[in-house]
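Visitor: Compact mmCIF, C-alpha atoms, saved as final24.txt, coming up:
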# COMPACT_ATOMS: atom_id res chain seq x y z
CA MET H 196 -137.18 4.98 85.47
CA PRO H 197 -140.35 5.35 83.36
CA GLN H 198 -143.32 3.45 84.68
CA SER H 199 -144.78 0.62 82.65
CA THR H 200 -147.73 1.79 80.59
CA SER H 201 -149.39 -1.11 78.83
CA GLY H 202 -152.87 0.38 78.62
CA ALA H 203 -154.19 -2.86 80.13
CA ALA H 204 -156.51 -0.98 82.51
CA ILE H 205 -158.51 0.48 79.63
CA HIS H 206 -161.73 -1.40 78.79
CA ARG H 207 -163.39 1.03 76.40
CA PRO H 208 -162.79 2.33 72.87
CA VAL H 209 -159.99 4.90 72.74
CA ARG H 210 -159.12 7.07 69.76
CA VAL H 211 -155.68 8.62 69.29
CA LEU H 212 -154.29 10.83 66.53
CA VAL H 213 -150.87 10.18 64.99
CA LEU H 214 -149.21 12.98 63.01
CA THR H 215 -146.37 11.59 60.94
CA TYR H 216 -143.99 11.99 58.01
CA MET H 217 -144.21 8.70 56.09
CA GLY H 218 -141.30 9.83 53.93
CA ILE H 219 -138.92 9.34 56.87
CA ALA H 220 -137.63 5.77 57.30
CA TYR H 221 -137.63 6.07 61.10
CA MET H 222 -141.30 7.11 61.11
CA ARG H 223 -142.24 4.20 58.85
CA GLU H 224 -140.73 1.91 61.50
CA VAL H 225 -142.55 3.77 64.28
CA MET H 226 -145.81 3.26 62.39
CA GLU H 227 -145.12 -0.48 62.16
CA GLY H 228 -144.80 -0.54 65.94
CA ILE H 229 -148.05 1.40 66.31
CA ARG H 230 -149.83 -1.06 64.00
CA ALA H 231 -148.46 -3.96 66.07
CA ALA H 232 -149.81 -2.36 69.25
CA GLN H 233 -153.16 -1.77 67.58
CA ARG H 234 -153.43 -5.45 66.64
CA GLU H 235 -152.93 -6.36 70.31
CA MET H 236 -155.56 -3.86 71.49
CA PRO H 237 -158.68 -4.17 69.31
CA TRP H 238 -160.42 -1.40 71.27
CA LEU H 239 -157.73 1.09 70.17
CA VAL H 240 -158.58 3.26 67.14
CA VAL H 241 -155.67 5.07 65.48
CA ALA H 242 -156.30 8.03 63.16
CA VAL H 243 -153.27 8.90 61.00
CA ARG H 244 -152.52 12.17 59.24
CA ASP H 245 -149.41 13.43 57.47
CA VAL H 246 -147.86 16.39 59.22
CA SER H 247 -148.49 19.42 57.02
CA ARG H 248 -149.26 23.09 57.46
CA LYS H 249 -152.89 22.39 56.58
CA ALA H 250 -153.13 19.52 59.06
CA MET H 251 -151.77 21.73 61.85
CA GLU H 252 -154.17 24.55 60.93
CA LEU H 253 -157.07 22.10 61.06
CA LEU H 254 -155.87 20.38 64.25
CA PRO H 255 -158.70 21.70 66.49
CA GLU H 256 -161.27 20.47 63.95
CA LEU H 257 -159.48 17.11 63.60
CA VAL H 258 -159.45 16.61 67.36
CA HIS H 259 -163.14 17.46 67.56
CA ASP H 260 -164.34 15.52 64.50
CA LEU H 261 -162.28 12.40 65.19
CA ARG H 262 -163.07 12.49 68.95
CA VAL H 263 -159.48 11.66 69.86
CA GLU H 264 -158.22 11.59 73.44
CA GLY H 265 -154.50 11.89 72.79
CA VAL H 266 -151.97 12.93 70.13
CA LEU H 267 -148.50 11.69 69.24
CA GLY H 268 -146.25 12.48 66.33
CA PHE H 269 -143.02 13.70 64.79
CA PHE H 270 -142.77 17.41 65.53
CA ALA H 271 -139.90 19.26 63.88
CA ARG H 272 -140.92 22.87 64.57
CA PRO H 273 -141.72 24.66 67.85
CA SER H 274 -144.96 25.93 66.31
CA MET H 275 -146.13 22.34 65.87
CA VAL H 276 -145.50 21.62 69.53
CA GLY H 277 -147.42 24.76 70.48
CA ASP H 278 -150.37 23.83 68.27
CA VAL H 279 -150.56 20.31 69.70
CA LEU H 280 -150.28 21.40 73.32
CA ALA H 281 -152.94 24.05 72.70
CA ALA H 282 -155.39 21.26 71.89
CA GLY H 283 -155.37 20.47 75.62
CA LEU H 284 -155.01 16.69 75.23
CA PRO H 285 -152.35 14.26 76.46
CA ALA H 286 -149.61 14.50 73.82
CA LEU H 287 -146.08 13.28 73.19
CA THR H 288 -143.45 13.37 70.49
CA VAL H 289 -141.42 10.48 69.08
CA SER H 290 -138.81 12.89 67.68
CA ASP H 291 -135.59 14.24 69.17
CA TYR H 292 -135.36 16.79 66.37
CA LEU H 293 -135.88 19.93 68.42
CA LEU H 294 -133.15 21.12 70.76
CA SER H 295 -135.80 22.00 73.40
CA PRO H 296 -138.99 20.07 72.57
CA GLN H 297 -141.06 21.33 75.57
CA MET H 298 -143.18 18.19 75.22
CA PRO H 299 -143.14 14.69 76.74
CA SER H 300 -141.21 12.30 74.51
CA VAL H 301 -140.72 8.63 73.74
CA VAL H 302 -137.53 8.49 71.68
CA VAL H 303 -134.48 6.46 70.81
CA ASP H 304 -131.61 6.86 73.27
CA ASN H 305 -129.50 8.98 70.94
CA THR H 306 -126.56 9.15 73.33
CA ALA H 307 -126.43 5.35 73.13
CA VAL H 308 -126.57 5.66 69.31
CA GLY H 309 -123.37 7.71 69.42
CA ARG H 310 -121.66 5.22 71.71
CA ALA H 311 -122.63 2.35 69.44
CA GLY H 312 -121.17 4.23 66.49
CA ALA H 313 -117.88 4.70 68.31
CA ASP H 314 -117.74 1.03 69.29
CA HIS H 315 -118.33 -0.09 65.70
CA LEU H 316 -115.56 2.12 64.30
CA ILE H 317 -113.11 1.33 67.12
CA ALA H 318 -113.65 -2.41 66.50
CA ARG H 319 -112.41 -1.88 62.93
CA GLY H 320 -109.01 -0.83 64.24
CA LEU H 321 -109.45 2.87 63.44
CA LYS H 322 -107.52 5.48 65.41
CA HIS H 323 -108.70 8.77 63.91
CA PHE H 324 -112.33 9.93 63.97
CA ALA H 325 -114.75 12.61 62.84
CA TYR H 326 -118.41 13.41 63.41
CA LEU H 327 -120.64 14.95 60.72
CA SER H 328 -123.22 17.04 62.57
CA GLN H 329 -126.28 19.21 62.11
CA PRO H 330 -128.03 21.61 64.53
CA THR H 331 -130.71 19.28 65.85
CA GLY H 332 -131.35 17.66 69.20
CA PHE H 333 -130.72 14.11 68.04
CA SER H 334 -127.45 15.09 66.35
CA GLN H 335 -126.12 16.80 69.46
CA LYS H 336 -126.95 13.76 71.61
CA ARG H 337 -125.36 11.35 69.14
CA GLN H 338 -122.26 13.51 69.04
CA ALA H 339 -122.10 13.58 72.85
CA GLY H 340 -122.29 9.79 73.08
CA PHE H 341 -119.73 9.36 70.30
CA SER H 342 -117.26 11.78 71.88
CA ALA H 343 -117.70 10.34 75.38
CA ARG H 344 -117.02 6.80 74.20
CA LEU H 345 -113.96 7.90 72.22
CA ALA H 346 -112.66 9.80 75.26
CA GLU H 347 -112.84 6.58 77.28
CA MET H 348 -110.47 5.07 74.70
CA GLY H 349 -108.13 8.08 74.73
CA ALA H 350 -109.32 9.40 71.37
CA GLU H 351 -111.31 12.38 70.11
CA ALA H 352 -113.29 13.31 67.03
CA LEU H 353 -113.11 16.26 64.66
CA THR H 354 -116.58 17.83 64.36
CA LEU H 355 -117.69 18.92 60.88
CA GLU H 356 -120.92 20.30 59.41
CA HIS H 357 -123.30 18.27 57.23
CA ARG H 358 -124.26 21.51 55.45
CA GLN H 359 -120.66 21.83 54.24
CA ILE H 360 -119.97 18.45 52.66
CA PRO H 361 -117.13 19.52 50.32
CA GLU H 362 -115.30 21.26 53.17
CA ALA H 363 -115.95 18.31 55.50
CA ALA H 364 -114.55 15.85 52.94
CA SER H 365 -111.41 17.97 52.52
CA ALA H 366 -110.89 18.10 56.29
CA MET H 367 -111.28 14.32 56.61
CA LEU H 368 -108.85 13.65 53.79
CA ALA H 369 -106.32 15.89 55.55
CA LEU H 370 -106.42 13.74 58.71
CA PRO H 371 -103.89 10.94 59.25
CA GLY H 372 -105.65 7.89 57.83
CA PRO H 373 -107.53 5.72 58.04
CA VAL H 374 -110.43 7.72 59.51
CA GLY H 375 -113.73 6.54 60.97
CA VAL H 376 -116.68 8.93 60.54
CA LEU H 377 -120.04 8.80 62.31
CA CYS H 378 -122.64 10.83 60.44
CA CYS H 379 -125.70 12.28 62.16
CA SER H 380 -127.99 10.55 59.60
CA ASP H 381 -128.00 8.31 56.55
CA VAL H 382 -128.68 11.34 54.36
CA ALA H 383 -125.42 12.90 55.55
CA ALA H 384 -123.58 9.59 55.19
CA ARG H 385 -124.80 9.07 51.62
CA GLU H 386 -123.78 12.60 50.59
CA LEU H 387 -120.36 12.22 52.22
CA VAL H 388 -119.64 8.83 50.62
CA ASP H 389 -120.65 10.13 47.19
CA GLU H 390 -118.39 13.17 47.61
CA LEU H 391 -115.46 11.00 48.70
CA ILE H 392 -115.93 8.69 45.72
CA ARG H 393 -116.07 11.71 43.40
CA ARG H 394 -112.64 12.64 44.77
CA GLU H 395 -111.43 9.06 44.20
CA ALA H 396 -110.94 8.46 47.94
CA GLN H 397 -110.98 4.83 49.09
CA VAL H 398 -114.13 4.06 51.09
CA PRO H 399 -113.82 2.35 53.56
CA ASP H 400 -110.05 1.73 53.55
CA GLN H 401 -109.11 5.43 53.65
CA ILE H 402 -112.30 6.77 55.25
CA ALA H 403 -114.91 4.47 56.82
CA VAL H 404 -118.39 6.03 57.02
CA LEU H 405 -121.25 5.06 59.35
CA GLY H 406 -124.76 6.50 59.16
CA VAL H 407 -127.84 6.37 61.38
CA ASP H 408 -131.42 5.29 60.54
CA ASN H 409 -130.80 2.24 58.30
CA ALA H 410 -132.85 3.86 55.53
CA ALA H 411 -132.55 1.55 52.52
CA GLU H 412 -133.17 4.37 50.03
CA TYR H 413 -129.88 5.96 51.14
CA CYS H 414 -127.85 3.02 52.47
CA GLU H 415 -128.29 0.67 49.52
CA SER H 416 -127.93 3.12 46.64
CA GLY H 417 -124.79 4.56 45.10
CA MET H 418 -121.48 2.91 44.28
CA VAL H 419 -120.69 2.03 47.91
CA SER H 420 -123.45 0.89 50.28
CA VAL H 421 -123.56 2.59 53.68
CA SER H 422 -123.36 0.92 57.08
CA SER H 423 -125.91 2.29 59.51
CA ILE H 424 -127.19 2.10 63.08
CA SER H 425 -130.81 0.99 63.14
CA LEU H 426 -133.08 2.98 65.45
CA ASN H 427 -135.46 0.34 66.82
CA GLY H 428 -138.37 2.44 65.57
CA GLN H 429 -140.91 -0.35 65.96
CA GLU H 430 -140.23 -0.51 69.67
CA VAL H 431 -140.52 3.27 69.87
CA GLY H 432 -143.95 3.03 68.25
CA ARG H 433 -145.15 0.33 70.63
CA ARG H 434 -143.80 2.18 73.66
CA ALA H 435 -145.23 5.51 72.50
CA ILE H 436 -148.75 4.12 72.17
CA ALA H 437 -148.54 2.41 75.56
CA THR H 438 -147.21 5.59 77.16
CA LEU H 439 -149.88 7.79 75.59
CA LEU H 440 -152.58 5.43 76.87
CA GLY H 441 -151.03 5.71 80.32
CA MET H 442 -151.18 9.51 80.08
CA ILE H 443 -154.85 9.33 79.04
CA GLU H 444 -155.54 7.25 82.14
CA GLY H 445 -153.74 9.77 84.34
CA GLN H 446 -150.65 7.70 85.14
CA ALA H 447 -147.55 9.51 86.37
CA ILE H 448 -144.72 8.93 83.90
CA ASP H 449 -141.10 10.08 84.03
CA PHE H 450 -140.01 11.63 80.73
CA PRO H 451 -138.21 11.28 78.46
CA VAL H 452 -138.87 7.59 77.86
CA GLN H 453 -135.81 6.31 76.01
CA VAL H 454 -135.61 3.16 73.88
CA PRO H 455 -132.24 1.48 73.18
CA PRO H 456 -131.14 1.64 69.53
CA GLY H 457 -131.02 -1.41 67.29
CA PRO H 458 -127.85 -3.06 65.94
CA VAL H 459 -125.37 -1.72 63.43
CA ILE H 460 -126.21 -3.01 59.95
CA GLU H 461 -122.81 -3.35 58.33
CA ARG H 462 -122.39 -2.69 54.62
CA GLU H 463 -119.46 -1.74 52.42
CA SER H 464 -118.71 1.69 53.89
CA THR H 465 -117.20 0.26 57.10
CA GLN H 466 -115.94 -3.10 55.84
CA THR H 467 -112.31 -2.08 56.28
CA ILE H 468 -109.50 -4.39 55.25
CA SER H 469 -107.49 -5.27 58.34
CA THR H 470 -104.87 -7.43 56.64
CA ARG H 471 -101.46 -6.01 55.70
CA LEU H 472 -100.43 -8.87 53.38
CA PRO H 473 -99.58 -7.43 49.93
CA GLY H 474 -102.14 -8.51 47.35
CA VAL H 475 -104.97 -9.39 49.74
CA ALA H 476 -106.30 -5.85 49.99
CA ASP H 477 -106.16 -5.65 46.21
CA ALA H 478 -108.04 -8.96 45.99
CA ILE H 479 -110.84 -7.70 48.23
CA ARG H 480 -111.09 -4.45 46.29
CA PHE H 481 -111.21 -6.47 43.05
CA ILE H 482 -114.12 -8.52 44.41
CA ARG H 483 -116.06 -5.45 45.54
CA THR H 484 -115.52 -3.72 42.21
CA HIS H 485 -116.24 -6.65 39.88
CA ALA H 486 -118.53 -9.03 41.85
CA CYS H 487 -121.49 -8.39 39.53
CA GLU H 488 -119.49 -8.98 36.35
CA GLY H 489 -119.63 -12.78 36.52
CA ILE H 490 -116.23 -13.27 38.17
CA ASP H 491 -115.24 -16.30 40.21
CA VAL H 492 -112.43 -17.00 42.64
CA SER H 493 -109.98 -17.89 39.85
CA ASP H 494 -110.34 -14.31 38.56
CA VAL H 495 -109.54 -13.01 42.04
CA VAL H 496 -106.44 -15.20 42.22
CA ARG H 497 -105.16 -13.88 38.87
CA ALA H 498 -105.82 -10.26 39.89
CA SER H 499 -103.97 -10.64 43.20
CA GLY H 500 -100.96 -12.63 42.06
CA LEU H 501 -101.30 -14.88 45.12
CA SER H 502 -102.12 -18.57 45.38
CA ARG H 503 -105.71 -19.69 45.82
CA ALA H 504 -104.90 -21.16 49.24
CA THR H 505 -103.33 -17.88 50.39
CA ILE H 506 -106.25 -15.83 49.07
CA ASP H 507 -108.78 -18.09 50.76
CA ARG H 508 -106.97 -18.14 54.11
CA HIS H 509 -106.36 -14.40 54.37
CA ILE H 510 -109.73 -13.28 53.05
CA ARG H 511 -111.38 -15.58 55.59
CA ALA H 512 -109.24 -13.92 58.30
CA ALA H 513 -110.08 -10.40 57.09
CA LEU H 514 -113.81 -10.83 56.32
CA GLY H 515 -114.85 -13.90 58.29
CA HIS H 516 -115.89 -15.87 55.20
CA SER H 517 -114.57 -17.20 51.89
CA PRO H 518 -113.95 -15.12 48.75
CA HIS H 519 -116.75 -17.08 47.02
CA HIS H 520 -119.15 -16.08 49.80
CA GLU H 521 -118.10 -12.41 49.49
CA ILE H 522 -118.81 -12.47 45.75
CA ARG H 523 -122.19 -14.08 46.31
CA MET H 524 -123.24 -11.65 49.06
CA LEU H 525 -122.35 -8.65 46.89
CA GLN H 526 -124.33 -10.11 43.99
CA LEU H 527 -127.37 -10.66 46.16
CA GLU H 528 -127.12 -7.19 47.72
CA ARG H 529 -127.17 -5.67 44.24
CA ALA H 530 -130.08 -7.93 43.26
CA ARG H 531 -132.14 -6.77 46.27
CA GLN H 532 -131.45 -3.15 45.34
CA LEU H 533 -132.57 -3.69 41.72
CA LEU H 534 -135.69 -5.56 42.83
CA ARG H 535 -136.65 -2.69 45.15
CA GLU H 536 -135.74 0.25 42.94
CA THR H 537 -136.37 -0.84 39.33
CA ASN H 538 -138.99 -2.54 37.17
CA LEU H 539 -136.43 -4.75 35.44
CA GLU H 540 -137.48 -8.33 34.70
CA VAL H 541 -135.94 -10.96 36.96
CA HIS H 542 -133.83 -12.40 34.12
CA GLN H 543 -132.44 -8.91 33.43
CA ILE H 544 -131.54 -8.49 37.10
CA ALA H 545 -129.84 -11.88 37.07
CA GLN H 546 -127.62 -10.76 34.18
CA ARG H 547 -126.79 -7.42 35.79
CA CYS H 548 -125.69 -9.23 38.96
CA GLY H 549 -123.34 -11.60 37.16
CA PHE H 550 -125.56 -14.70 36.86
CA ASN H 551 -125.49 -16.18 33.35
CA GLU H 552 -128.44 -18.50 34.06
CA PRO H 553 -131.63 -16.94 35.46
CA GLN H 554 -132.69 -20.27 36.95
CA TYR H 555 -129.44 -20.47 38.93
CA PHE H 556 -130.01 -16.91 40.19
CA PHE H 557 -133.54 -17.94 41.17
CA LYS H 558 -132.18 -20.95 43.10
CA VAL H 559 -129.44 -18.97 44.89
CA PHE H 560 -131.78 -16.11 45.83
CA ARG H 561 -134.41 -18.46 47.25
CA LYS H 562 -131.78 -20.38 49.24
CA HIS H 563 -130.48 -17.20 50.92
CA HIS H 564 -133.80 -15.34 51.39
CA GLN H 565 -136.37 -18.16 51.74
CA GLN H 566 -138.44 -16.52 48.99
CA THR H 567 -138.22 -16.01 45.27
CA PRO H 568 -137.05 -12.72 43.73
CA THR H 569 -140.62 -12.00 42.65
CA GLN H 570 -141.95 -12.61 46.17
CA PHE H 571 -139.22 -10.38 47.61
CA ARG H 572 -140.17 -7.55 45.24
CA ARG H 573 -143.87 -7.94 46.07
CA ASN H 574 -143.21 -7.97 49.83
CA GLN H 575 -140.97 -4.89 49.63
CA SER H 576 -143.60 -3.03 47.66
CA SER H 577 -146.31 -3.96 50.17
CA ALA H 578 -144.18 -2.83 53.11
CA ALA H 579 -143.40 0.50 51.44
CA HIS H 580 -147.07 1.30 50.85
CA ALA H 581 -148.52 -0.06 54.07
CA ALA H 582 -150.31 2.48 56.26
CA VAL H 583 -152.81 2.53 59.07
CA ARG H 584 -156.30 3.16 57.67
CA PRO H 585 -157.47 6.58 58.85
CA SER H 586 -160.65 6.66 60.93
Write out the structure in this file as structure tokens.

Guide:
Amino acid sequence: MPQSTSGAAIHRPVRVLVLTYMGIAYMREVMEGIRAAQREMPWLVVAVRDVSRKAMELLPELVHDLRVEGVLGFFARPSMVGDVLAAGLPALTVSDYLLSPQMPSVVVDNTAVGRAGADHLIARGLKHFAYLSQPTGFSQKRQAGFSARLAEMGAEALTLEHRQIPEAASAMLALPGPVGVLCCSDVAARELVDELIRREAQVPDQIAVLGVDNAAEYCESGMVSVSSISLNGQEVGRRAIATLLGMIEGQAIDFPVQVPPGPVIERESTQTISTRLPGVADAIRFIRTHACEGIDVSDVVRASGLSRATIDRHIRAALGHSPHHEIRMLQLERARQLLRETNLEVHQIAQRCGFNEPQYFFKVFRKHHQQTPTQFRRNQSSAAHAAVRPS
């Protein structure tokens, strides 16, 4: 097991260099963890640079000018690893991208990610499975965990390539349904869901799709939102800083250091309908299609042809909450997306989410999120632009 590396023995200023891609959701989480560690250790100075060809060419000068004692980052090419190791400083990567990183690492346990994906899809009653892969280290480990967990349950997964989305979609649609798919990333999951919708496939009832990263820009866009396994990036960032400080102090550490993944964040793409009662599946589909059009439960009853009591009882059994709650949650999910991704006025967002009265939307949003829509938008904007101040 890795040794604890808190950096508590250090009583002097220490400078470290972080090389990162802020465009990657996982790395934004890692940076939040690094900032949290920095707040706890006021003697720690963190210099941050975006990974770029220029930054790697200037790495010797950066190391010298910034007087850093260690380097950590997201390294996606062997040449990057070589450049960093050539600097002669303690260094580690927080990425499992490379198949053979040749560098100490503090990373998410990607085998556990795959197992968590299998557990989530198995729990939805699915019997047929596929994995959408790419030729990277993290994808191979996720696939291994996914396949191992399915094998324990007497099942197996068809492996398909992310680079061939149309062919992958055709292969999935040819399987006996319903099918549960774990994708190597949210990017792959978003592309697959969009392709399936283009072909008028039912997501998630025909094919349930699960991504990895919990990147809002992919999971909460499109016609169907994507469920995803969160990667616990903040803990990776905290652990990476502590481990690097241990390396600087000469501690012996067993690598790789692996951090358990976070929970599955369930959205529409894996919210399968378990009930077989005629009309109930149609009622749930009606809600998910028309929730932001100002419907209420009486509209759902008319669309289903069932009684209100029957609709309420069976939707509660299938989803764990009332049809009114399902409508409200879908409205609020759409509102959060519009607040993050558009400059629409709050009253315009209220209308687009099915609220006739902006003040009622304001009241409902504040009740569920403990902040106003305007505060939510401001907080999301601040989080997206936050960064450690370079030294």

Visitor: Distance table requested - range 453-503 of chain H against range 398-403 of chain H, cut-off 6 Å, all atoms listed in the file: one row per qualifying residue with the closest atom pair and its distance in Å to one decimal, ordered by chain and rising residue number, as JSON lines.

Guide:
{"residue": "H:Ser464", "atom": "CA", "partner": "H:Pro399", "partner_atom": "CA", "distance": 4.9}
{"residue": "H:Thr465", "atom": "CA", "partner": "H:Ala403", "partner_atom": "CA", "distance": 4.8}
{"residue": "H:Thr467", "atom": "CA", "partner": "H:Asp400", "partner_atom": "CA", "distance": 5.2}

Visitor: Just give me the gap between CA of Glu461 in chain H and CA of Leu316 in chain H in Å, one decimal is fine.

Guide: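 The value is 10.9 Å.
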
Visitor: For range 255-268 of chain H, take all atoms listed in the file, fit an axis-aligned box around them, add 3 Å to each of the six sides, then output centre and edge lengths in Å rounded to one decimal, as lines of an AutoDock Vina configuration file.

Guide:
center_x = -155.3
center_y = 16.6
center_z = 68.5
size_x = 24.1
size_y = 16.1
size_z = 15.8

Visitor: Do you know which residues are at most 12 Å from Asn305 in chain H counting all atoms listed in the file, after dropping those on the same chain fewer than 5 positions away, and could you put them as a PyMOL selection string?

Guide: chain H and resi 290-292+310-312+331-341+379-380+407-408+424-427+451-457

Visitor: Would you mind listing what lies within 10 Å of Phe560 in chain H as a VMD selection string, with all atoms listed in the file counted and same-chain residues fewer than 5 positions away left out?

Guide: chain H and resid 523 526 to 527 530 to 531 545 554 to 555 565 to 568 571

Visitor: Find the spatial neighbours of Leu391 in chain H, counting only C-alpha atoms, within a cut-off of 12 Å - ignore same-chain residues fewer than 5 positions away - and output them as a VMD selection string.

Guide: chain H and resid 360 to 368 384 to 386 396 to 404 417 to 419 464

Visitor: One number please: CA of Glu256 in chain H to CA of Val289 in chain H, in Å, one decimal.

Guide: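 If I compute the distance from CA of Glu256 in chain H to CA of Val289 in chain H, I get 22.8 Å.
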
Visitor: Calculated over all atoms listed in the file, which of the candidates H:Gln233, H:Gln466, H:Ser300, H:Gln329 has the smallest distance to Cys378 in chain H?

Guide: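 For Cys378 in chain H, the nearest of the given residues is H:Gln329.
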
Visitor: Please return as a PyMOL selection string every residue within 9 Å of (-144.9, 2.1, 65.6), taking into account all atoms listed in the file and the file's own coordinates.

Guide: chain H and resi 222-232+428-436

Visitor: So which one's closest to Glu521 in chain H, H:Leu294, H:Lys558, H:Ile482, H:Ala346? Using only C-alpha atoms, please.

Guide: H:Ile482

Visitor: Separation of CA of Leu267 in chain H and CA of Gly441 in chain H, in Å?

Guide: 12.8 Å
